[in-house]
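Trainee: What follows is the file structure_1.pdb, containing PDB, C-alpha atoms:
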```pdb
MODEL        1
ATOM      1  CA  MET K   1      23.893 204.268 -88.367
ATOM      2  CA  PRO K   2      27.201 204.405 -90.285
ATOM      3  CA  ASN K   3      30.415 204.173 -88.274
ATOM      4  CA  GLU K   4      28.614 203.594 -85.003
ATOM      5  CA  ILE K   5      31.031 204.381 -82.181
ATOM      6  CA  PRO K   6      30.891 202.357 -78.950
ATOM      7  CA  ALA K   7      29.775 204.106 -75.786
ATOM      8  CA  ILE K   8      31.774 204.526 -72.596
ATOM      9  CA  THR K   9      29.890 204.367 -69.317
ATOM     10  CA  LEU K  10      31.210 207.010 -66.932
ATOM     11  CA  LYS K  11      31.523 206.381 -63.208
ATOM     12  CA  ASP K  12      28.241 208.262 -62.623
ATOM     13  CA  GLY K  13      26.404 205.911 -64.998
ATOM     14  CA  VAL K  14      26.136 208.366 -67.902
ATOM     15  CA  GLU K  15      26.920 206.879 -71.323
ATOM     16  CA  MET K  16      29.067 208.866 -73.753
ATOM     17  CA  PRO K  17      30.230 207.970 -77.269
ATOM     18  CA  ALA K  18      33.948 207.195 -77.122
ATOM     19  CA  LEU K  19      34.729 209.435 -80.109
ATOM     20  CA  GLY K  20      33.406 212.917 -80.727
ATOM     21  CA  LEU K  21      34.018 216.005 -82.821
ATOM     22  CA  GLY K  22      36.122 218.797 -81.337
ATOM     23  CA  VAL K  23      35.626 222.393 -82.526
ATOM     24  CA  PHE K  24      38.589 224.170 -80.899
ATOM     25  CA  GLN K  25      39.581 227.277 -82.932
ATOM     26  CA  THR K  26      36.904 226.536 -85.538
ATOM     27  CA  PRO K  27      35.330 229.779 -86.834
ATOM     28  CA  PRO K  28      31.581 230.019 -86.119
ATOM     29  CA  ASP K  29      30.316 229.539 -89.693
ATOM     30  CA  GLU K  30      32.717 226.674 -90.300
ATOM     31  CA  THR K  31      31.624 225.137 -87.006
ATOM     32  CA  ARG K  32      28.028 224.882 -88.162
ATOM     33  CA  ASP K  33      29.070 223.114 -91.373
ATOM     34  CA  ALA K  34      31.540 220.842 -89.572
ATOM     35  CA  VAL K  35      28.928 219.678 -87.056
ATOM     36  CA  HIS K  36      26.427 219.080 -89.889
ATOM     37  CA  ALA K  37      29.029 216.934 -91.672
ATOM     38  CA  ALA K  38      29.892 215.085 -88.472
ATOM     39  CA  LEU K  39      26.286 214.231 -87.636
ATOM     40  CA  ALA K  40      25.777 212.981 -91.194
ATOM     41  CA  ALA K  41      28.881 210.787 -90.860
ATOM     42  CA  GLY K  42      27.592 209.179 -87.660
ATOM     43  CA  TYR K  43      29.055 211.325 -84.875
ATOM     44  CA  ARG K  44      26.783 211.641 -81.851
ATOM     45  CA  HIS K  45      29.153 213.564 -79.577
ATOM     46  CA  VAL K  46      30.337 217.183 -79.913
ATOM     47  CA  ASP K  47      32.808 219.001 -77.648
ATOM     48  CA  THR K  48      32.809 222.810 -77.537
ATOM     49  CA  ALA K  49      33.577 225.529 -74.973
ATOM     50  CA  ALA K  50      32.471 229.001 -73.964
ATOM     51  CA  ALA K  51      35.939 230.299 -74.850
ATOM     52  CA  TYR K  52      35.723 228.893 -78.393
ATOM     53  CA  GLY K  53      32.994 231.374 -79.360
ATOM     54  CA  ASN K  54      31.066 228.769 -81.368
ATOM     55  CA  GLU K  55      28.561 227.235 -78.928
ATOM     56  CA  ARG K  56      25.646 228.884 -80.750
ATOM     57  CA  GLN K  57      26.669 227.349 -84.072
ATOM     58  CA  VAL K  58      27.037 223.904 -82.488
ATOM     59  CA  GLY K  59      23.503 224.214 -81.139
ATOM     60  CA  GLU K  60      22.135 225.420 -84.461
ATOM     61  CA  ALA K  61      23.654 222.458 -86.283
ATOM     62  CA  VAL K  62      22.275 219.958 -83.773
ATOM     63  CA  HIS K  63      18.795 221.481 -83.729
ATOM     64  CA  GLY K  64      18.830 221.823 -87.526
ATOM     65  CA  SER K  65      19.499 218.110 -88.005
ATOM     66  CA  ASP K  66      16.953 215.306 -88.208
ATOM     67  CA  LEU K  67      18.201 213.938 -84.902
ATOM     68  CA  ASP K  68      16.409 214.175 -81.600
ATOM     69  CA  ARG K  69      18.278 216.257 -79.015
ATOM     70  CA  SER K  70      18.677 213.141 -76.845
ATOM     71  CA  GLU K  71      20.678 211.434 -79.613
ATOM     72  CA  VAL K  72      23.582 213.926 -79.471
ATOM     73  CA  PHE K  73      25.918 214.121 -76.472
ATOM     74  CA  LEU K  74      26.882 217.771 -75.920
ATOM     75  CA  GLU K  75      29.742 218.887 -73.727
ATOM     76  CA  THR K  76      31.015 222.402 -73.136
ATOM     77  CA  LYS K  77      33.398 224.198 -70.799
ATOM     78  CA  ILE K  78      33.295 227.127 -68.384
ATOM     79  CA  TRP K  79      36.172 229.561 -68.957
ATOM     80  CA  ILE K  80      38.359 230.818 -66.085
ATOM     81  CA  SER K  81      36.851 234.315 -66.315
ATOM     82  CA  ASP K  82      33.572 232.817 -65.088
ATOM     83  CA  TYR K  83      35.055 230.944 -62.094
ATOM     84  CA  GLY K  84      33.564 231.472 -58.668
ATOM     85  CA  TYR K  85      30.288 229.984 -57.434
ATOM     86  CA  ASP K  86      27.763 232.545 -58.705
ATOM     87  CA  LYS K  87      29.700 233.391 -61.863
ATOM     88  CA  THR K  88      29.954 229.717 -62.806
ATOM     89  CA  LEU K  89      26.211 229.230 -62.344
ATOM     90  CA  HIS K  90      25.732 232.174 -64.696
ATOM     91  CA  GLY K  91      28.321 230.715 -67.069
ATOM     92  CA  PHE K  92      26.136 227.622 -67.355
ATOM     93  CA  GLU K  93      23.129 229.803 -68.226
ATOM     94  CA  LYS K  94      25.111 231.554 -70.958
ATOM     95  CA  SER K  95      26.278 228.282 -72.492
ATOM     96  CA  ALA K  96      22.867 226.597 -72.270
ATOM     97  CA  ARG K  97      21.235 229.621 -73.917
ATOM     98  CA  LYS K  98      23.753 229.608 -76.787
ATOM     99  CA  LEU K  99      23.429 225.844 -77.275
ATOM    100  CA  GLY K 100      19.636 226.123 -77.122
ATOM    101  CA  VAL K 101      19.272 223.434 -74.451
ATOM    102  CA  GLU K 102      17.905 223.218 -70.933
ATOM    103  CA  GLN K 103      20.291 220.465 -69.875
ATOM    104  CA  ILE K 104      23.958 220.001 -70.838
ATOM    105  CA  ASP K 105      25.255 216.437 -70.966
ATOM    106  CA  LEU K 106      28.739 217.172 -69.654
ATOM    107  CA  LEU K 107      29.924 220.473 -68.168
ATOM    108  CA  ILE K 108      33.623 221.068 -67.659
ATOM    109  CA  LEU K 109      35.959 223.478 -65.918
ATOM    110  CA  HIS K 110      38.245 224.400 -68.812
ATOM    111  CA  GLN K 111      41.469 224.920 -66.833
ATOM    112  CA  PRO K 112      42.640 225.005 -63.236
ATOM    113  CA  LEU K 113      43.476 228.504 -62.065
ATOM    114  CA  PRO K 114      46.523 227.788 -59.892
ATOM    115  CA  THR K 115      47.134 231.364 -58.718
ATOM    116  CA  GLU K 116      43.524 231.650 -57.488
ATOM    117  CA  PHE K 117      42.656 228.031 -56.855
ATOM    118  CA  GLU K 118      39.897 228.890 -54.380
ATOM    119  CA  ARG K 119      37.957 230.305 -57.332
ATOM    120  CA  THR K 120      38.468 227.002 -59.132
ATOM    121  CA  LEU K 121      37.096 225.139 -56.121
ATOM    122  CA  GLU K 122      34.078 227.446 -55.933
ATOM    123  CA  ALA K 123      33.489 226.937 -59.660
ATOM    124  CA  TYR K 124      33.488 223.189 -59.125
ATOM    125  CA  ARG K 125      31.048 223.599 -56.223
ATOM    126  CA  ALA K 126      28.732 225.346 -58.694
ATOM    127  CA  LEU K 127      29.048 222.376 -61.054
ATOM    128  CA  GLU K 128      28.027 220.105 -58.173
ATOM    129  CA  THR K 129      24.937 222.274 -57.626
ATOM    130  CA  LEU K 130      24.043 222.132 -61.313
ATOM    131  CA  LEU K 131      24.438 218.347 -61.225
ATOM    132  CA  ALA K 132      22.223 218.032 -58.143
ATOM    133  CA  ASP K 133      19.602 220.268 -59.781
ATOM    134  CA  GLY K 134      19.555 218.141 -62.950
ATOM    135  CA  LYS K 135      20.778 220.965 -65.184
ATOM    136  CA  VAL K 136      23.793 218.889 -66.218
ATOM    137  CA  ARG K 137      24.034 215.123 -66.481
ATOM    138  CA  SER K 138      27.725 214.838 -65.626
ATOM    139  CA  ILE K 139      30.560 217.123 -64.538
ATOM    140  CA  ARG K 140      34.261 217.056 -65.161
ATOM    141  CA  VAL K 141      37.498 218.999 -65.369
ATOM    142  CA  SER K 142      40.032 219.713 -68.088
ATOM    143  CA  ASN K 143      43.809 220.137 -67.994
ATOM    144  CA  PHE K 144      43.959 219.234 -64.288
ATOM    145  CA  MET K 145      47.249 217.764 -63.142
ATOM    146  CA  VAL K 146      47.617 215.375 -60.191
ATOM    147  CA  GLU K 147      48.039 218.198 -57.664
ATOM    148  CA  HIS K 148      44.898 219.933 -58.944
ATOM    149  CA  LEU K 149      42.895 216.723 -58.831
ATOM    150  CA  THR K 150      44.115 215.980 -55.317
ATOM    151  CA  SER K 151      43.057 219.421 -54.088
ATOM    152  CA  ARG K 152      39.666 219.029 -55.730
ATOM    153  CA  LEU K 153      39.002 215.470 -54.551
ATOM    154  CA  ASP K 154      39.739 216.413 -50.957
ATOM    155  CA  ARG K 155      36.669 218.678 -50.987
ATOM    156  CA  ALA K 156      34.413 217.192 -53.656
ATOM    157  CA  THR K 157      30.962 215.800 -53.009
ATOM    158  CA  ALA K 158      30.872 214.584 -56.634
ATOM    159  CA  VAL K 159      34.141 213.294 -58.105
ATOM    160  CA  PRO K 160      34.655 214.497 -61.705
ATOM    161  CA  ALA K 161      33.710 211.807 -64.213
ATOM    162  CA  VAL K 162      36.290 212.900 -66.795
ATOM    163  CA  ASN K 163      39.572 214.808 -67.065
ATOM    164  CA  GLN K 164      40.130 216.163 -70.558
ATOM    165  CA  ILE K 165      43.851 216.581 -71.214
ATOM    166  CA  GLU K 166      46.311 216.900 -74.062
ATOM    167  CA  CYS K 167      47.056 213.277 -74.942
ATOM    168  CA  HIS K 168      48.588 211.939 -78.139
ATOM    169  CA  PRO K 169      51.498 209.607 -79.013
ATOM    170  CA  TYR K 170      54.091 212.323 -78.394
ATOM    171  CA  PHE K 171      52.657 213.491 -75.038
ATOM    172  CA  GLN K 172      50.785 210.898 -73.013
ATOM    173  CA  GLN K 173      50.664 212.276 -69.433
ATOM    174  CA  ARG K 174      50.717 208.775 -67.952
ATOM    175  CA  GLU K 175      50.954 209.963 -64.346
ATOM    176  CA  VAL K 176      47.764 212.004 -64.726
ATOM    177  CA  GLN K 177      46.023 209.167 -66.563
ATOM    178  CA  ASP K 178      47.014 206.591 -63.943
ATOM    179  CA  PHE K 179      45.944 208.825 -61.059
ATOM    180  CA  GLY K 180      42.546 209.337 -62.669
ATOM    181  CA  ALA K 181      42.084 205.675 -63.560
ATOM    182  CA  GLU K 182      42.659 204.651 -59.944
ATOM    183  CA  ARG K 183      39.744 206.908 -58.994
ATOM    184  CA  GLY K 184      37.419 206.085 -61.857
ATOM    185  CA  ILE K 185      38.107 209.334 -63.737
ATOM    186  CA  LEU K 186      38.087 208.789 -67.508
ATOM    187  CA  THR K 187      40.799 210.419 -69.595
ATOM    188  CA  GLN K 188      39.434 212.279 -72.600
ATOM    189  CA  ALA K 189      42.120 213.222 -75.115
ATOM    190  CA  TRP K 190      42.121 216.603 -76.755
ATOM    191  CA  SER K 191      44.473 216.835 -79.732
ATOM    192  CA  PRO K 192      44.436 213.000 -79.944
ATOM    193  CA  ILE K 193      46.405 212.968 -83.203
ATOM    194  CA  GLY K 194      48.891 215.574 -81.965
ATOM    195  CA  GLY K 195      47.487 218.486 -83.934
ATOM    196  CA  ILE K 196      48.598 220.904 -81.219
ATOM    197  CA  THR K 197      52.193 220.075 -82.162
ATOM    198  CA  PHE K 198      51.671 220.935 -85.834
ATOM    199  CA  TYR K 199      51.394 224.676 -85.291
ATOM    200  CA  ARG K 200      53.207 225.243 -81.996
ATOM    201  CA  ASP K 201      56.965 225.330 -81.787
ATOM    202  CA  GLY K 202      57.346 222.233 -79.676
ATOM    203  CA  GLY K 203      60.078 220.506 -81.634
ATOM    204  CA  HIS K 204      57.969 217.408 -82.167
ATOM    205  CA  GLY K 205      57.392 217.338 -85.909
ATOM    206  CA  SER K 206      54.102 215.957 -87.170
ATOM    207  CA  SER K 207      52.872 212.671 -85.748
ATOM    208  CA  LEU K 208      51.129 212.141 -89.099
ATOM    209  CA  ASP K 209      54.602 211.674 -90.599
ATOM    210  CA  ASP K 210      55.947 209.406 -87.868
ATOM    211  CA  PRO K 211      57.442 206.268 -89.483
ATOM    212  CA  VAL K 212      56.262 203.926 -86.711
ATOM    213  CA  ILE K 213      52.680 205.130 -87.030
ATOM    214  CA  GLY K 214      52.971 205.103 -90.831
ATOM    215  CA  ASP K 215      54.077 201.459 -90.887
ATOM    216  CA  ILE K 216      51.154 200.436 -88.673
ATOM    217  CA  ALA K 217      48.763 202.408 -90.854
ATOM    218  CA  ARG K 218      49.966 200.637 -94.008
ATOM    219  CA  THR K 219      49.567 197.250 -92.310
ATOM    220  CA  HIS K 220      45.883 197.939 -91.676
ATOM    221  CA  GLY K 221      45.133 199.956 -94.812
ATOM    222  CA  LYS K 222      44.322 202.970 -92.654
ATOM    223  CA  SER K 223      45.625 206.524 -92.264
ATOM    224  CA  PRO K 224      48.044 207.589 -89.505
ATOM    225  CA  ALA K 225      45.245 209.640 -87.938
ATOM    226  CA  GLN K 226      42.987 206.591 -87.794
ATOM    227  CA  VAL K 227      45.756 204.573 -86.140
ATOM    228  CA  MET K 228      46.240 207.217 -83.446
ATOM    229  CA  LEU K 229      42.525 207.444 -82.746
ATOM    230  CA  ARG K 230      42.242 203.664 -82.559
ATOM    231  CA  TRP K 231      45.273 203.582 -80.240
ATOM    232  CA  GLY K 232      43.579 206.010 -77.879
ATOM    233  CA  MET K 233      40.272 204.170 -77.906
ATOM    234  CA  GLN K 234      41.881 200.769 -77.313
ATOM    235  CA  HIS K 235      43.577 202.223 -74.252
ATOM    236  CA  GLY K 236      40.107 203.083 -72.954
ATOM    237  CA  ARG K 237      40.237 206.821 -73.584
ATOM    238  CA  SER K 238      37.643 209.091 -75.125
ATOM    239  CA  VAL K 239      39.014 210.980 -78.153
ATOM    240  CA  ILE K 240      37.757 214.205 -79.722
ATOM    241  CA  PRO K 241      39.562 214.869 -83.022
ATOM    242  CA  LYS K 242      39.021 218.225 -84.678
ATOM    243  CA  SER K 243      38.517 218.867 -88.385
ATOM    244  CA  THR K 244      36.429 221.125 -90.603
ATOM    245  CA  ARG K 245      36.886 219.046 -93.769
ATOM    246  CA  PRO K 246      34.018 216.602 -94.454
ATOM    247  CA  THR K 247      36.377 213.974 -95.891
ATOM    248  CA  ARG K 248      38.635 214.104 -92.836
ATOM    249  CA  ILE K 249      35.665 214.171 -90.466
ATOM    250  CA  ALA K 250      34.357 210.986 -92.094
ATOM    251  CA  GLU K 251      37.825 209.393 -92.016
ATOM    252  CA  ASN K 252      38.276 210.109 -88.318
ATOM    253  CA  ILE K 253      35.161 208.187 -87.310
ATOM    254  CA  ASP K 254      36.002 205.186 -89.515
ATOM    255  CA  VAL K 255      37.974 203.437 -86.782
ATOM    256  CA  VAL K 256      35.745 200.600 -85.617
ATOM    257  CA  ASP K 257      36.618 197.957 -88.223
ATOM    258  CA  PHE K 258      40.211 197.208 -87.200
ATOM    259  CA  GLU K 259      42.219 196.573 -84.049
ATOM    260  CA  LEU K 260      45.837 197.192 -83.136
ATOM    261  CA  SER K 261      47.872 194.301 -81.766
ATOM    262  CA  ALA K 262      49.559 194.446 -78.371
ATOM    263  CA  ASP K 263      52.902 195.004 -80.103
ATOM    264  CA  GLU K 264      51.480 197.843 -82.186
ATOM    265  CA  LEU K 265      49.990 199.495 -79.116
ATOM    266  CA  ALA K 266      53.350 199.210 -77.366
ATOM    267  CA  ALA K 267      55.169 200.681 -80.367
ATOM    268  CA  VAL K 268      52.970 203.785 -80.282
ATOM    269  CA  ASP K 269      53.291 203.973 -76.482
ATOM    270  CA  ALA K 270      57.067 204.144 -76.917
ATOM    271  CA  LEU K 271      56.828 207.386 -78.943
ATOM    272  CA  ASP K 272      56.149 209.516 -75.863
ATOM    273  CA  THR K 273      58.514 212.523 -75.683
ATOM    274  CA  ASP K 274      57.004 213.985 -72.485
ATOM    275  CA  ARG K 275      56.920 217.402 -74.215
ATOM    276  CA  ARG K 276      53.693 219.343 -73.931
ATOM    277  CA  GLY K 277      52.292 221.110 -76.993
ATOM    278  CA  GLY K 278      49.726 223.269 -75.220
ATOM    279  CA  PRO K 279      50.333 225.843 -72.475
ATOM    280  CA  GLU K 280      51.701 224.771 -69.124
ATOM    281  CA  PRO K 281      48.849 224.578 -66.593
ATOM    282  CA  GLU K 282      50.789 226.736 -64.139
ATOM    283  CA  ALA K 283      50.966 229.521 -66.761
ATOM    284  CA  ILE K 284      47.181 229.964 -66.818
ATOM    285  CA  THR K 285      46.312 233.219 -65.041
ATOM    286  CA  LEU K 286      43.432 235.674 -65.327
ATOM    287  CA  GLU K 287      45.923 238.388 -66.248
ATOM    288  CA  ALA K 288      47.274 236.402 -69.204
ATOM    289  CA  PHE K 289      44.223 234.430 -70.332
ATOM    290  CA  GLY K 290      41.139 236.054 -68.820
ATOM    291  CA  ARG K 291      38.551 237.473 -71.203
ATOM    292  CA  GLU K 292      34.877 238.240 -70.985
ATOM    293  CA  ILE K 293      32.519 235.563 -72.268
ATOM    294  CA  PRO K 294      29.607 237.246 -74.078
ATOM    295  CA  GLU K 295      26.039 236.782 -72.863
ATOM    296  CA  ARG K 296      24.811 235.791 -76.320
TER     297      ARG K 296
ENDMDL
END
```
As structure tokens - that is how I would like this structure written.

Mentor:
Amino acid sequence: MPNEIPAITLKDGVEMPALGLGVFQTPPDETRDAVHAALAAGYRHVDTAAAYGNERQVGEAVHGSDLDRSEVFLETKIWISDYGYDKTLHGFEKSARKLGVEQIDLLILHQPLPTEFERTLEAYRALETLLADGKVRSIRVSNFMVEHLTSRLDRATAVPAVNQIECHPYFQQREVQDFGAERGILTQAWSPIGGITFYRDGGHGSSLDDPVIGDIARTHGKSPAQVMLRWGMQHGRSVIPKSTRPTRIAENIDVVDFELSADELAAVDALDTDRRGGPEPEAITLEAFGREIPER
């Protein structure tokens, strides 16, 4: 297989390719084509979400490929509107139906809901039930900060295997990463090349134009995006870059034939601005972000 990506073994024993394709804000028809291109390029890991509105197209692309279902690691997320024990169980059914699968490899709570955290806890209890029933292989959370993880771990029967957070050279969330690492929780980076900063007014500028990253890229004959993905993987993270362009999709997985030195890793580490590109976790409320997730 071209560009074969190494696997990461999660604390629950499940193996997951370290690099996958993200489809955040990808229109449904473009999603189908992007996943087709990714599978052809060697990707075996796709990250979607109920709130993205493109789970069906992800499933169609996977089932329309020559690959066996077991060869593609699928992860999706329950949106805050479907939090609460019974609603989260139903949220799983909606996602599984759209993906066309009976079992989801990794099921995620998309955000903490700080103003109604009991609903978040009940949603996680539903994930634990789905895990025990074999309907999901692994469970995790997304955008959880240390205080959210602490509240969850105090009551969990199954510790989340992964915390998916915004993580790129300009925003590294080291406290959250360190807290998770001490407890065997893998950090999975969304926006691993800082794409969230390209279209939000965060004052970062584009990491693709960063001179430090550019110099490292020229040293290795690689692109800045490839350097950032390699940086994340060498730090032991999972990365899920997003693109709809076949050439960029193929470029993003071509990161296994070079290695950054300790000095190069440190140089990228030093770029952290501690400025978030995505929404603040405490700003997530049902009033501001709640919306109905369709049945089909």

Trainee: Which one is closest to Leu130 (chain K): K:Thr115, K:Thr150, K:Thr31, K:Thr88? Count only C-alpha atoms.

Mentor: K:Thr88

Trainee: What's the 12 Å shell around region 213-217 of chain K, counting only C-alpha atoms, without same-chain residues fewer than 2 positions away, as a VMD selection string?

Mentor: chain K and resid 168 to 170 193 206 to 211 219 to 231 255 258 to 261 263 to 271

Trainee: Could you tell me how far CA of Ala41 (chain K) lies from CA of Pro6 (chain K), in Å and to one decimal?

Mentor: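 About the pair CA of Ala41 (chain K) and CA of Pro6 (chain K): they are 14.7 Å apart.
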
Trainee: Which is closest to Ile284 (chain K) among K:Glu116, K:Asp66, K:Glu93, K:Glu102, if we use all atoms listed in the file?

Mentor: K:Glu116

Trainee: Between K:Ser151, K:Ser138, K:Ser95, K:Gln57, which has the minimum distance to Thr120 (chain K) (counting all atoms listed in the file)?

Mentor: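 Nearest candidate to Thr120 (chain K) out of K:Ser151, K:Ser138, K:Ser95, K:Gln57: K:Ser151.
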